[in-house]
>>> print(open('query-v9.csv').read())   # CSV, C-alpha atoms and all ligand atoms
chain,number,residue,atom,x,y,z
A,843,MET,CA,-58.0,39.4,59.8
A,844,THR,CA,-56.6,37.6,56.7
A,845,PRO,CA,-54.3,34.7,57.8
A,846,SER,CA,-50.8,35.1,56.6
A,847,LEU,CA,-49.5,33.0,53.7
A,848,ARG,CA,-47.3,30.3,55.1
A,849,LEU,CA,-44.2,29.7,52.9
A,850,ALA,CA,-40.6,28.5,53.3
A,851,VAL,CA,-37.3,28.1,51.6
A,852,PHE,CA,-35.4,24.9,52.2
A,853,GLY,CA,-31.7,24.4,51.7
A,854,ASP,CA,-28.4,23.6,53.3
A,855,PRO,CA,-26.8,26.0,54.2
A,856,ILE,CA,-29.6,28.5,54.3
A,857,SER,CA,-28.8,31.2,56.9
A,858,HIS,CA,-27.4,33.5,54.1
A,859,SER,CA,-30.7,33.3,52.1
A,860,LEU,CA,-32.2,36.6,51.0
A,861,SER,CA,-35.5,35.0,50.1
A,862,PRO,CA,-37.3,35.8,53.4
A,863,ARG,CA,-36.4,39.5,52.9
A,864,ILE,CA,-37.4,39.5,49.2
A,865,HIS,CA,-40.8,37.8,49.8
A,866,GLY,CA,-41.4,40.2,52.8
A,867,LEU,CA,-40.8,43.1,50.4
A,868,PHE,CA,-43.2,41.5,47.8
A,869,GLY,CA,-45.9,41.0,50.5
A,870,ARG,CA,-45.7,44.7,51.6
A,871,GLN,CA,-45.9,45.8,47.9
A,872,LEU,CA,-49.1,43.9,47.3
A,873,GLY,CA,-50.7,44.1,50.7
A,874,ILE,CA,-50.4,40.3,51.3
A,875,GLU,CA,-49.2,39.2,54.7
A,876,VAL,CA,-46.5,36.5,54.3
A,877,ASP,CA,-44.9,34.2,56.9
A,878,TYR,CA,-41.8,33.1,54.9
A,879,ARG,CA,-39.2,31.2,56.8
A,880,ALA,CA,-35.7,29.9,55.9
A,881,ILE,CA,-35.3,26.3,57.1
A,882,ARG,CA,-32.1,24.3,57.0
A,883,CYS,CA,-32.8,20.9,55.3
A,884,PRO,CA,-30.3,18.2,54.5
A,885,GLU,CA,-31.3,16.2,51.4
A,886,ASP,CA,-32.7,13.2,53.1
A,887,GLU,CA,-35.1,15.3,55.3
A,888,LEU,CA,-36.9,17.0,52.4
A,889,PRO,CA,-40.0,14.7,52.4
A,890,ALA,CA,-40.5,15.2,56.2
A,891,LYS,CA,-39.9,18.9,56.1
A,892,LEU,CA,-42.4,19.4,53.3
A,893,SER,CA,-45.0,17.3,55.2
A,894,GLU,CA,-44.4,19.5,58.3
A,895,LEU,CA,-44.9,22.6,56.2
A,896,ALA,CA,-48.2,21.3,54.7
A,897,ALA,CA,-49.4,20.2,58.1
A,898,ALA,CA,-48.7,23.8,59.4
A,899,GLY,CA,-50.9,25.2,56.6
A,900,GLY,CA,-48.0,26.0,54.2
A,901,ILE,CA,-49.0,26.5,50.6
A,902,GLY,CA,-45.7,26.8,48.9
A,903,ALA,CA,-41.9,26.5,49.1
A,904,ASN,CA,-38.7,27.4,47.4
A,905,LEU,CA,-35.8,24.9,47.2
A,906,THR,CA,-32.2,25.9,46.9
A,907,LEU,CA,-28.9,24.0,47.0
A,908,PRO,CA,-28.6,21.1,47.3
A,909,LEU,CA,-32.3,20.3,47.0
A,910,LYS,CA,-33.3,21.3,43.5
A,911,GLN,CA,-32.9,17.8,42.0
A,912,THR,CA,-34.0,15.9,45.1
A,913,GLY,CA,-37.2,18.0,45.0
A,914,LEU,CA,-38.2,16.5,41.6
A,915,ARG,CA,-39.2,13.3,43.4
A,916,GLN,CA,-41.7,15.2,45.6
A,917,CYS,CA,-43.7,16.6,42.8
A,918,ARG,CA,-46.7,15.0,41.1
A,919,GLN,CA,-46.4,17.4,38.1
A,920,LEU,CA,-43.7,19.6,36.7
A,921,ASP,CA,-43.8,22.7,34.5
A,922,ARG,CA,-41.8,22.8,31.3
A,923,PRO,CA,-38.8,24.8,32.6
A,924,ALA,CA,-38.5,22.2,35.5
A,925,ARG,CA,-38.6,19.3,33.1
A,926,LEU,CA,-35.9,20.9,30.9
A,927,ALA,CA,-33.7,21.8,33.8
A,928,ARG,CA,-34.3,18.5,35.6
A,929,ALA,CA,-34.6,20.6,38.7
A,930,VAL,CA,-37.3,22.5,40.7
A,931,ASN,CA,-36.9,25.7,42.7
A,932,THR,CA,-40.6,26.4,43.5
A,933,LEU,CA,-43.3,24.1,44.9
A,934,LYS,CA,-47.0,24.8,45.2
A,935,LEU,CA,-49.4,22.6,47.2
A,936,ASP,CA,-52.8,21.6,45.7
A,937,GLU,CA,-55.4,19.1,46.9
A,938,GLN,CA,-53.4,16.1,45.5
A,939,GLY,CA,-49.8,17.1,46.4
A,940,TRP,CA,-46.9,19.3,45.3
A,941,LEU,CA,-46.6,20.9,41.9
A,942,GLY,CA,-43.0,21.6,40.8
A,943,PHE,CA,-41.8,24.7,38.9
A,944,ASN,CA,-38.4,26.1,37.9
A,945,THR,CA,-38.5,29.9,37.9
A,946,ASP,CA,-34.7,30.4,37.7
A,947,GLY,CA,-34.4,30.5,33.9
A,948,PRO,CA,-37.6,32.5,33.4
A,949,GLY,CA,-36.4,34.8,36.2
A,950,LEU,CA,-33.2,35.5,34.3
A,951,VAL,CA,-35.1,36.2,31.1
A,952,LEU,CA,-37.3,38.6,33.0
A,953,ASP,CA,-34.3,40.4,34.3
A,954,LEU,CA,-32.5,40.6,31.0
A,955,GLU,CA,-35.7,42.1,29.5
A,956,ARG,CA,-35.9,44.6,32.4
A,957,LEU,CA,-32.3,45.6,31.5
A,958,GLY,CA,-33.1,46.0,27.8
A,959,ILE,CA,-30.8,43.1,26.8
A,960,ALA,CA,-32.0,41.6,23.5
A,961,LEU,CA,-32.0,37.8,23.3
A,962,THR,CA,-33.7,37.1,20.0
A,963,ASP,CA,-31.0,36.7,17.3
A,964,ALA,CA,-28.2,37.4,19.8
A,965,ARG,CA,-25.0,35.3,20.0
A,966,ILE,CA,-24.9,34.3,23.6
A,967,LEU,CA,-21.8,33.0,25.4
A,968,ILE,CA,-22.2,31.2,28.7
A,969,LEU,CA,-19.3,30.6,31.0
A,970,GLY,CA,-20.0,27.5,33.2
A,971,ALA,CA,-22.0,24.3,32.7
A,972,GLY,CA,-23.3,23.6,36.2
A,973,GLY,CA,-26.8,23.5,37.6
A,974,ALA,CA,-27.5,27.2,36.9
A,975,THR,CA,-26.6,26.8,33.2
A,976,ALA,CA,-28.9,23.7,32.9
A,977,GLY,CA,-31.7,25.9,34.5
A,978,ILE,CA,-31.4,28.8,32.1
A,979,LEU,CA,-30.8,27.1,28.7
A,980,GLY,CA,-34.4,26.1,28.0
A,981,PRO,CA,-35.9,29.6,28.6
A,982,LEU,CA,-33.0,31.3,26.8
A,983,LEU,CA,-33.4,29.0,23.7
A,984,ALA,CA,-37.1,29.7,23.7
A,985,LYS,CA,-36.2,33.4,22.9
A,986,LYS,CA,-34.6,32.2,19.6
A,987,PRO,CA,-31.1,33.5,20.0
A,988,ALA,CA,-28.8,33.1,16.9
A,989,CYS,CA,-26.7,30.7,18.9
A,990,ILE,CA,-25.5,29.8,22.4
A,991,THR,CA,-21.9,28.7,23.1
A,992,VAL,CA,-21.2,27.1,26.5
A,993,LEU,CA,-17.6,27.2,27.7
A,994,ASN,CA,-16.6,25.2,30.7
A,995,ARG,CA,-13.4,24.1,32.6
A,996,THR,CA,-14.7,20.5,32.2
A,997,ALA,CA,-15.4,20.4,28.5
A,998,ALA,CA,-17.5,17.2,28.7
A,999,ARG,CA,-20.1,18.9,30.8
A,1000,ALA,CA,-20.4,21.8,28.3
A,1001,ALA,CA,-20.7,19.3,25.4
A,1002,GLY,CA,-23.2,17.2,27.4
A,1003,LEU,CA,-25.5,20.2,27.9
A,1004,ALA,CA,-25.2,21.2,24.3
A,1005,GLU,CA,-26.3,17.7,23.3
A,1006,ARG,CA,-29.2,17.7,25.8
A,1007,PHE,CA,-30.6,21.0,24.5
A,1008,ALA,CA,-29.7,20.7,20.8
A,1009,HIS,CA,-33.4,19.9,19.9
A,1010,LEU,CA,-34.3,23.5,21.1
A,1011,GLY,CA,-31.9,25.5,19.0
A,1012,ALA,CA,-28.3,26.2,17.9
A,1013,ILE,CA,-26.0,25.4,20.8
A,1014,ALA,CA,-22.4,24.2,21.2
A,1015,GLY,CA,-20.2,23.3,24.2
A,1016,HIS,CA,-16.4,23.7,24.4
A,1017,SER,CA,-13.5,23.9,26.9
A,1018,LEU,CA,-12.4,27.4,28.2
A,1019,ASP,CA,-9.5,27.5,25.7
A,1020,ALA,CA,-11.5,27.0,22.5
A,1021,PRO,CA,-10.7,29.5,19.7
A,1022,ALA,CA,-12.6,32.8,20.2
A,1023,GLN,CA,-15.7,33.7,18.2
A,1024,ALA,CA,-17.5,37.0,18.6
A,1025,HIS,CA,-20.6,37.0,20.8
A,1026,ASP,CA,-23.1,39.8,21.8
A,1027,LEU,CA,-23.9,38.8,25.4
A,1028,LEU,CA,-21.8,37.0,28.1
A,1029,LEU,CA,-23.6,35.2,30.9
A,1030,GLN,CA,-21.1,34.4,33.6
A,1031,ALA,CA,-22.4,31.3,35.3
A,1032,THR,CA,-19.4,29.8,37.1
A,1033,SER,CA,-19.1,29.8,40.9
A,1034,LEU,CA,-15.6,31.3,40.7
A,1035,GLY,CA,-16.7,34.7,41.9
A,1036,HIS,CA,-17.1,33.3,45.4
A,1037,SER,CA,-13.3,32.8,45.4
A,1038,GLY,CA,-12.8,36.4,44.2
A,1039,THR,CA,-11.8,35.5,40.6
A,1040,MET,CA,-13.3,34.6,37.2
A,1041,PRO,CA,-12.2,32.3,34.3
A,1042,ALA,CA,-9.7,34.0,32.0
A,1043,LEU,CA,-11.6,34.9,28.9
A,1044,PRO,CA,-9.8,36.4,25.8
A,1045,ALA,CA,-11.4,39.6,24.7
A,1046,GLY,CA,-12.0,38.2,21.2
A,1047,TRP,CA,-15.1,36.4,22.5
A,1048,LEU,CA,-17.1,39.6,22.8
A,1049,VAL,CA,-18.0,42.4,20.3
A,1050,PRO,CA,-17.1,45.9,21.4
A,1051,ASP,CA,-20.6,46.8,22.5
A,1052,ALA,CA,-21.3,43.5,24.2
A,1053,ARG,CA,-23.4,43.2,27.4
A,1054,VAL,CA,-22.1,41.2,30.3
A,1055,TYR,CA,-24.4,39.6,32.9
A,1056,ASP,CA,-23.0,37.8,35.9
A,1057,LEU,CA,-25.3,35.3,37.7
A,1058,ASN,CA,-23.3,36.1,40.9
A,1059,TYR,CA,-24.2,39.2,42.9
A,1060,GLY,CA,-22.8,41.1,45.9
A,1061,GLN,CA,-19.1,40.4,46.7
A,1062,ALA,CA,-19.0,37.4,44.2
A,1063,HIS,CA,-19.8,39.8,41.3
A,1064,ARG,CA,-16.8,42.0,41.9
A,1065,PRO,CA,-14.3,40.1,39.7
A,1066,VAL,CA,-16.6,40.2,36.7
A,1067,ALA,CA,-17.5,43.9,37.3
A,1068,HIS,CA,-13.8,44.9,37.4
A,1069,TRP,CA,-13.0,42.7,34.3
A,1070,ALA,CA,-15.8,44.2,32.2
A,1071,GLU,CA,-15.0,47.7,33.3
A,1072,ARG,CA,-11.4,47.2,32.0
A,1073,TYR,CA,-12.8,46.4,28.5
A,1074,GLY,CA,-15.6,49.0,28.6
A,1075,TRP,CA,-18.4,46.5,28.7
A,1076,LYS,CA,-21.5,47.2,30.8
A,1077,ALA,CA,-21.9,44.5,33.4
A,1078,ASP,CA,-24.9,43.7,35.5
A,1079,SER,CA,-25.1,41.4,38.6
A,1080,GLY,CA,-27.5,38.4,39.1
A,1081,LEU,CA,-29.3,40.1,42.0
A,1082,GLY,CA,-32.1,40.9,39.5
A,1083,MET,CA,-32.3,37.2,38.5
A,1084,LEU,CA,-32.6,36.3,42.2
A,1085,VAL,CA,-35.5,38.8,42.6
A,1086,GLY,CA,-37.0,37.8,39.2
A,1087,GLN,CA,-37.2,34.1,40.1
A,1088,ALA,CA,-38.7,35.0,43.4
A,1089,ALA,CA,-41.3,37.3,41.8
A,1090,LEU,CA,-42.4,34.5,39.5
A,1091,ALA,CA,-42.6,32.1,42.4
A,1092,PHE,CA,-44.7,34.7,44.3
A,1093,GLU,CA,-47.0,34.9,41.3
A,1094,ILE,CA,-47.4,31.1,41.2
A,1095,TRP,CA,-48.5,31.1,44.9
A,1096,THR,CA,-50.7,34.3,44.8
A,1097,GLY,CA,-51.7,35.0,41.2
A,1098,GLN,CA,-50.1,38.4,41.6
A,1099,ARG,CA,-46.7,39.4,40.1
A,1100,PRO,CA,-44.7,41.9,42.3
A,1101,SER,CA,-42.5,44.6,40.9
A,1102,VAL,CA,-38.9,43.4,40.5
A,1103,SER,CA,-37.5,47.0,40.2
A,1104,ALA,CA,-39.2,48.1,43.4
A,1105,ALA,CA,-37.8,45.2,45.4
A,1106,LEU,CA,-34.3,45.7,43.8
A,1107,ALA,CA,-34.3,49.3,44.8
A,1108,SER,CA,-34.5,48.2,48.5
A,1109,LEU,CA,-31.8,45.4,48.1
A,1110,ASP,CA,-29.3,47.0,45.7
A,1111,ALA,CA,-27.9,49.6,48.1
A,1112,ASP,CA,-26.9,46.8,50.6
A,1113,LEU,CA,-25.5,44.3,48.2
A,1114,ASN,CA,-23.8,45.8,45.1
B,1,LIG,P1,-22.3,24.4,40.1
B,1,LIG,O1,-21.5,24.1,41.3
B,1,LIG,O2,-23.4,23.5,39.6
B,1,LIG,O3,-21.4,24.7,38.8
B,1,LIG,C1,-20.2,25.5,39.0
B,1,LIG,C2,-19.6,25.9,37.7
B,1,LIG,O4,-18.5,26.7,37.9
B,1,LIG,C3,-19.2,24.7,36.9
B,1,LIG,O5,-19.3,25.0,35.5
B,1,LIG,C4,-17.7,24.6,37.2
B,1,LIG,O6,-16.9,24.0,36.2
B,1,LIG,C5,-17.3,26.1,37.3
B,1,LIG,N1,-16.1,26.3,38.1
B,1,LIG,C6,-16.0,26.1,39.5
B,1,LIG,N2,-14.7,26.4,39.9
B,1,LIG,C7,-14.0,26.7,38.8
B,1,LIG,C8,-12.7,27.0,38.5
B,1,LIG,N3,-11.8,27.1,39.5
B,1,LIG,N4,-12.3,27.3,37.2
B,1,LIG,C9,-13.2,27.3,36.2
B,1,LIG,N5,-14.5,27.0,36.4
B,1,LIG,C10,-14.9,26.7,37.6
B,1,LIG,O7,-23.0,25.9,40.5
B,1,LIG,P2,-24.3,26.5,39.8
B,1,LIG,O8,-24.3,26.3,38.4
B,1,LIG,O9,-25.5,26.1,40.6
B,1,LIG,O10,-24.1,28.1,40.1
B,1,LIG,C11,-23.1,28.8,39.4
B,1,LIG,C12,-23.1,30.3,40.0
B,1,LIG,O11,-24.4,30.9,39.7
B,1,LIG,C13,-22.9,30.3,41.5
B,1,LIG,O12,-22.0,31.2,41.9
B,1,LIG,C14,-24.3,30.6,42.0
B,1,LIG,O13,-24.3,31.3,43.3
B,1,LIG,C15,-24.9,31.5,40.9
B,1,LIG,N6,-26.3,31.4,40.8
B,1,LIG,C16,-27.1,32.6,40.9
B,1,LIG,C17,-28.4,32.6,40.8
B,1,LIG,C18,-29.2,33.8,40.8
B,1,LIG,O14,-30.4,33.8,41.1
B,1,LIG,N7,-28.6,35.0,40.6
B,1,LIG,C19,-29.2,31.3,40.6
B,1,LIG,C20,-28.3,30.1,40.5
B,1,LIG,C21,-27.0,30.2,40.6
B,1,LIG,P3,-16.6,22.4,36.2
B,1,LIG,O15,-17.9,21.8,35.6
B,1,LIG,O16,-15.4,22.3,35.4
B,1,LIG,O17,-16.5,22.0,37.7
>>> encode(input="query-v9.csv", output="structure tokens", more="lines below")
Ligand code: NDP
Amino acid sequence: MTPSLRLAVFGDPISHSLSPRIHGLFGRQLGIEVDYRAIRCPEDELPAKLSELAAAGGIGANLTLPLKQTGLRQCRQLDRPARLARAVNTLKLDEQGWLGFNTDGPGLVLDLERLGIALTDARILILGAGGATAGILGPLLAKKPACITVLNRTAARAAGLAERFAHLGAIAGHSLDAPAQAHDLLLQATSLGHSGTMPALPAGWLVPDARVYDLNYGQAHRPVAHWAERYGWKADSGLGMLVGQAALAFEIWTGQRPSVSAALASLDADLN
């Protein structure tokens, strides 16, 4: 019998994680037996937990909050998205140690492509300048949009990200009350949905046939879904990004890319 692939996601809190379910679906899709566990891990315990996983035959891991930056120090090599994001969400063990990857941004791009949302030459508006935005800017700018505008409650964080990524394309950062300019795509990347609301955004920021994509999913996506419906914009949730980043991690570990659409069909009914 083929031994199962030993994998884990570390974070704190972690009990809410959908990752064991998603990777279980991927394993069944591709006929690969996976033993993927969600393990609570405070920041200072990450080196020990990774050693335990390796000793138990583990070959890969995902990191979620608050470990994505801490994880950088555990990696002997980083892929380009991880270097740009200054964060890792996927680790793979080789003979010399852990290799670090960031599949969050590439996972978002994969999902936007699945949804038929054009990025090249698009004017992209991002609400929020936290860790998620830092993770997606590199892969988005690689698609050569016309421009990216980042709006954030704390204007200095938006401006800081714009400065950090300016060598990759046209990007600006402002406060939430900056004068509106028309954009084709809104990426909602604040955490406000978890409090049942979203930042007030004047309609002038989006063209009439704009697409709206909320990095939040489930209950946290509801405020954006209602707001977009009011203006007649089509809004999608970030569940596809979550599954997309997981599919790319699974491919890093196994060499095989599972179908995002098939996994989403199983999850969607429960969460959206
Ligand atoms: P951070 O905590 O790093 O950043 C939070 C962002 O939300 C900041 O820009 C912050 O602004 C803003 N914000 C928080 N409260 C308010 C408020 N009351 N009014 C206005 N703005 C506010 O979180 P992340 O960037 O890591 O995550 C953002 C969201 O994206 C989360 O909801 C997360 O669940 C989701 N996410 C989804 C993923 C997926 O796979 N679908 C992957 C990663 C994240 P300020 O800087 O002013 O504090």
>>> closest_residue(input="query-v9.csv", among="A:Gly913, A:Gly1015, A:Gly900, A:Gly958", to="Arg1053 of chain A", atoms="all atoms listed in the file")
A:Gly958
>>> atom_distance(input="query-v9.csv", atom1="atom CA of Val951 of chain A", atom2="atom CA of Asn1058 of chain A")
15.3 Å
>>> closest_residue(input="query-v9.csv", among="A:Ala974, A:Ala1088, A:Cys883, A:Ile1013", to="ligand LIG 1 (chain B)", atoms="only C-alpha atoms and all ligand atoms")
A:Ala974
>>> residues_near_ligand(input="query-v9.csv", ligand="ligand LIG 1 (chain B)", cutoff="9 Å", atoms="only C-alpha atoms and all ligand atoms", output="ChimeraX atom specification")
/A:906-908,946-947,949-950,969-977,993-1000,1017-1018,1030-1037,1039-1042,1056-1059,1062-1063,1079-1088
>>> closest_residue(input="query-v9.csv", among="A:Pro1050, A:Pro987, A:Gly980, A:Gly869", to="His1009 of chain A", atoms="only C-alpha atoms")
A:Gly980
>>> closest_residue(input="query-v9.csv", among="A:Thr991, A:Gln916, A:Ser1108, A:Ser857", to="Leu1048 of chain A", atoms="all atoms listed in the file")
A:Thr991
>>> closest_residue(input="query-v9.csv", among="A:Cys989, A:Ile856, A:Ile959, A:Leu872", to="Thr1096 of chain A", atoms="only C-alpha atoms")
A:Leu872
>>> closest_residue(input="query-v9.csv", among="A:Ala927, A:Leu933, A:Ala1024, A:Ala988", to="Leu1003 of chain A", atoms="only C-alpha atoms")
A:Ala927
>>> atom_distance(input="query-v9.csv", atom1="atom CA of Asp1078 of chain A", atom2="atom CA of Thr932 of chain A")
24.7 Å
>>> atom_distance(input="query-v9.csv", atom1="atom CA of Lys1076 of chain A", atom2="atom CA of Leu1043 of chain A")
15.9 Å
>>> residues_around(input="query-v9.csv", residues="Leu905 of chain A", least_positions_apart="6", cutoff="12 Å", atoms="all atoms listed in the file", output="PDB file with C-alpha atoms, in the frame of the given file")
ATOM      1  CA  LEU A 849     -44.200  29.700  52.900  1.00  0.00           C
ATOM      2  CA  ALA A 850     -40.600  28.500  53.300  1.00  0.00           C
ATOM      3  CA  VAL A 851     -37.300  28.100  51.600  1.00  0.00           C
ATOM      4  CA  PHE A 852     -35.400  24.900  52.200  1.00  0.00           C
ATOM      5  CA  GLY A 853     -31.700  24.400  51.700  1.00  0.00           C
ATOM      6  CA  ASP A 854     -28.400  23.600  53.300  1.00  0.00           C
ATOM      7  CA  PRO A 855     -26.800  26.000  54.200  1.00  0.00           C
ATOM      8  CA  ILE A 856     -29.600  28.500  54.300  1.00  0.00           C
ATOM      9  CA  SER A 859     -30.700  33.300  52.100  1.00  0.00           C
ATOM     10  CA  SER A 861     -35.500  35.000  50.100  1.00  0.00           C
ATOM     11  CA  ARG A 879     -39.200  31.200  56.800  1.00  0.00           C
ATOM     12  CA  ALA A 880     -35.700  29.900  55.900  1.00  0.00           C
ATOM     13  CA  ILE A 881     -35.300  26.300  57.100  1.00  0.00           C
ATOM     14  CA  ARG A 882     -32.100  24.300  57.000  1.00  0.00           C
ATOM     15  CA  CYS A 883     -32.800  20.900  55.300  1.00  0.00           C
ATOM     16  CA  PRO A 884     -30.300  18.200  54.500  1.00  0.00           C
ATOM     17  CA  GLU A 885     -31.300  16.200  51.400  1.00  0.00           C
ATOM     18  CA  LEU A 888     -36.900  17.000  52.400  1.00  0.00           C
ATOM     19  CA  LYS A 891     -39.900  18.900  56.100  1.00  0.00           C
ATOM     20  CA  LEU A 892     -42.400  19.400  53.300  1.00  0.00           C
ATOM     21  CA  GLN A 911     -32.900  17.800  42.000  1.00  0.00           C
ATOM     22  CA  THR A 912     -34.000  15.900  45.100  1.00  0.00           C
ATOM     23  CA  GLY A 913     -37.200  18.000  45.000  1.00  0.00           C
ATOM     24  CA  LEU A 914     -38.200  16.500  41.600  1.00  0.00           C
ATOM     25  CA  GLN A 916     -41.700  15.200  45.600  1.00  0.00           C
ATOM     26  CA  ALA A 929     -34.600  20.600  38.700  1.00  0.00           C
ATOM     27  CA  VAL A 930     -37.300  22.500  40.700  1.00  0.00           C
ATOM     28  CA  ASN A 931     -36.900  25.700  42.700  1.00  0.00           C
ATOM     29  CA  THR A 932     -40.600  26.400  43.500  1.00  0.00           C
ATOM     30  CA  LEU A 933     -43.300  24.100  44.900  1.00  0.00           C
ATOM     31  CA  LYS A 934     -47.000  24.800  45.200  1.00  0.00           C
ATOM     32  CA  GLY A 942     -43.000  21.600  40.800  1.00  0.00           C
ATOM     33  CA  PHE A 943     -41.800  24.700  38.900  1.00  0.00           C
ATOM     34  CA  ASN A 944     -38.400  26.100  37.900  1.00  0.00           C
ATOM     35  CA  THR A 945     -38.500  29.900  37.900  1.00  0.00           C
ATOM     36  CA  ASP A 946     -34.700  30.400  37.700  1.00  0.00           C
ATOM     37  CA  GLN A1087     -37.200  34.100  40.100  1.00  0.00           C
ATOM     38  CA  ALA A1088     -38.700  35.000  43.400  1.00  0.00           C
ATOM     39  CA  ALA A1091     -42.600  32.100  42.400  1.00  0.00           C
TER      40      ALA A1091
END
>>> build_atoms(input="query-v9.csv", residues="segment 980-994 of chain A", atoms="N, CA and C atoms", output="PDB file, keeping the file's coordinate frame")
ATOM      1  N   GLY A 980     -33.088  26.297  28.636  1.00  0.00           N
ATOM      2  CA  GLY A 980     -34.400  26.100  28.000  1.00  0.00           C
ATOM      3  C   GLY A 980     -35.086  27.479  27.772  1.00  0.00           C
ATOM      4  N   PRO A 981     -35.269  28.306  28.830  1.00  0.00           N
ATOM      5  CA  PRO A 981     -35.900  29.600  28.600  1.00  0.00           C
ATOM      6  C   PRO A 981     -35.113  30.537  27.705  1.00  0.00           C
ATOM      7  N   LEU A 982     -33.772  30.443  27.693  1.00  0.00           N
ATOM      8  CA  LEU A 982     -33.000  31.300  26.800  1.00  0.00           C
ATOM      9  C   LEU A 982     -33.234  30.834  25.319  1.00  0.00           C
ATOM     10  N   LEU A 983     -33.181  29.520  25.080  1.00  0.00           N
ATOM     11  CA  LEU A 983     -33.400  29.000  23.700  1.00  0.00           C
ATOM     12  C   LEU A 983     -34.784  29.319  23.206  1.00  0.00           C
ATOM     13  N   ALA A 984     -35.760  29.407  24.130  1.00  0.00           N
ATOM     14  CA  ALA A 984     -37.100  29.700  23.700  1.00  0.00           C
ATOM     15  C   ALA A 984     -37.212  31.153  23.146  1.00  0.00           C
ATOM     16  N   LYS A 985     -36.225  31.992  23.445  1.00  0.00           N
ATOM     17  CA  LYS A 985     -36.200  33.400  22.900  1.00  0.00           C
ATOM     18  C   LYS A 985     -35.563  33.438  21.534  1.00  0.00           C
ATOM     19  N   LYS A 986     -35.176  32.302  20.989  1.00  0.00           N
ATOM     20  CA  LYS A 986     -34.600  32.200  19.600  1.00  0.00           C
ATOM     21  C   LYS A 986     -33.353  33.041  19.411  1.00  0.00           C
ATOM     22  N   PRO A 987     -32.337  32.826  20.232  1.00  0.00           N
ATOM     23  CA  PRO A 987     -31.100  33.500  20.000  1.00  0.00           C
ATOM     24  C   PRO A 987     -30.443  32.913  18.672  1.00  0.00           C
ATOM     25  N   ALA A 988     -29.464  33.639  18.068  1.00  0.00           N
ATOM     26  CA  ALA A 988     -28.800  33.100  16.900  1.00  0.00           C
ATOM     27  C   ALA A 988     -28.041  31.833  17.251  1.00  0.00           C
ATOM     28  N   CYS A 989     -27.374  31.859  18.417  1.00  0.00           N
ATOM     29  CA  CYS A 989     -26.700  30.700  18.900  1.00  0.00           C
ATOM     30  C   CYS A 989     -26.304  30.838  20.363  1.00  0.00           C
ATOM     31  N   ILE A 990     -26.076  29.728  21.026  1.00  0.00           N
ATOM     32  CA  ILE A 990     -25.500  29.800  22.400  1.00  0.00           C
ATOM     33  C   ILE A 990     -24.277  28.915  22.404  1.00  0.00           C
ATOM     34  N   THR A 991     -23.182  29.487  22.943  1.00  0.00           N
ATOM     35  CA  THR A 991     -21.900  28.700  23.100  1.00  0.00           C
ATOM     36  C   THR A 991     -21.706  28.593  24.642  1.00  0.00           C
ATOM     37  N   VAL A 992     -21.528  27.368  25.099  1.00  0.00           N
ATOM     38  CA  VAL A 992     -21.200  27.100  26.500  1.00  0.00           C
ATOM     39  C   VAL A 992     -19.762  26.753  26.635  1.00  0.00           C
ATOM     40  N   LEU A 993     -19.006  27.504  27.442  1.00  0.00           N
ATOM     41  CA  LEU A 993     -17.600  27.200  27.700  1.00  0.00           C
ATOM     42  C   LEU A 993     -17.464  26.728  29.142  1.00  0.00           C
ATOM     43  N   ASN A 994     -16.729  25.650  29.355  1.00  0.00           N
ATOM     44  CA  ASN A 994     -16.600  25.200  30.700  1.00  0.00           C
ATOM     45  C   ASN A 994     -15.207  24.556  30.944  1.00  0.00           C
TER      46      ASN A 994
END
